[in-house]
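Inspection log for the structure reproduced underneath, given as structure tokens.
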Amino acid sequence: MTKLTDTQLILLSTAAGRSDSSLLPPPDTVGAQGASLRKAVATLVKRGLATEITVMEPAQEWRREDDRRIGVAITDTGRAAIFVGAAAEPPATASASPAPGKPASKIALVVALLQRADGASLAELVEATGWLPHATRAALSGLRKKGHVVAKDRRDDSACYRIAADA
């Protein structure tokens with residue numbers, strides 16, 4: 001299993017939830033950490049968990065080469081690295097069809113759990129996805145950035161998250 005720092009896990013989890021798969025701009029939970037953020041991204045690129053791509057948005061810029069803005073996006077290897085037990089259960093690909101009634105991806109599973117009337121607790125989401133708690137919270141942040149309204153309530157003695165409707 002690939003050892004990743006918290007910053008690397010958050011960057012990969014957020015990128016996996018973005019439609020453009022970009023690691024940048026970093027989520028608010030990471031912020032602009034300067035040298036440590038650059039080191040985290042450089043390590044992800046070096047290990048093949050992220051790859052450099054051409055971007056148009058200044059906020060997604062990782063570095064510049066002449067007039068070309070270069071950003072960083074998560075790779076399939078990076079997606080597999082954030083899934084605990086990825087060797088036994090690889091992420092869904094376009095050619096693979098999910099079993100009937102089963103969500104096509106873990107993020108789709110999270111959305112389905114959050115759309116239940118009583119939502120889902122962090123423990124339920126962690127158990128269902130196999131992700132670590134901080135990666136699960138990063139996925140919730142990614143859903144918020146995609147426009148989902150994720151509400152946090154209390155159920156018994158624990159926090160419960162839910163989505164009222166897709167935005």
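Ligands are numbered from 1 in the order shown, residues from 1 within each chain, and chains are lettered A, B, ... in the order they appear in the structure tokens.
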_Set the distance at 6 Å and use only C-alpha atoms: which residues neighbour Thr54 in chain A once local chain neighbours fewer than 3 positions away are removed? I'd like the list as a count of residues only._
3
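Backbone DSSP over range 20-65 of chain A gives helix (DSSP H, G or I) for Ala35, Ser36, Leu37, Arg38, Lys39, Ala40, Val41, Ala42, Thr43, Leu44, Val45, Lys46, Pro58, Ala59 and Gln60 of chain A.
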Find the spatial neighbours of Thr75 in chain A, counting only C-alpha atoms, within a cut-off of 10 Å - ignore same-chain residues fewer than 4 positions away - and output them as a PDB file with C-alpha atoms, in the first residue's frame.
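part-v4.pdb written:
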ATOM      1  CA  LEU A  12      -5.975  13.214  -4.258  1.00  0.00           C
ATOM      2  CA  ALA A  15      -9.118  15.776  -7.253  1.00  0.00           C
ATOM      3  CA  ALA A  16     -10.990  12.462  -7.535  1.00  0.00           C
ATOM      4  CA  SER A  21      -9.520  15.805 -11.872  1.00  0.00           C
ATOM      5  CA  SER A  22      -7.274  18.758 -10.974  1.00  0.00           C
ATOM      6  CA  LEU A  44       2.631  12.752  -6.240  1.00  0.00           C
ATOM      7  CA  VAL A  45       3.846  13.503  -9.788  1.00  0.00           C
ATOM      8  CA  GLY A  48       2.847   8.572 -10.860  1.00  0.00           C
ATOM      9  CA  LEU A  49      -0.170   9.329  -8.679  1.00  0.00           C
ATOM     10  CA  ALA A  50      -0.640  12.625 -10.517  1.00  0.00           C
ATOM     11  CA  THR A  51       0.362  13.863 -13.965  1.00  0.00           C
ATOM     12  CA  GLU A  52       1.039  17.249 -15.489  1.00  0.00           C
ATOM     13  CA  ARG A  79      -7.325   7.051  -7.701  1.00  0.00           C
ATOM     14  CA  ALA A  80      -6.434   3.483  -6.745  1.00  0.00           C
ATOM     15  CA  ALA A  81      -4.067   4.729  -4.014  1.00  0.00           C
TER      16      ALA A  81
END
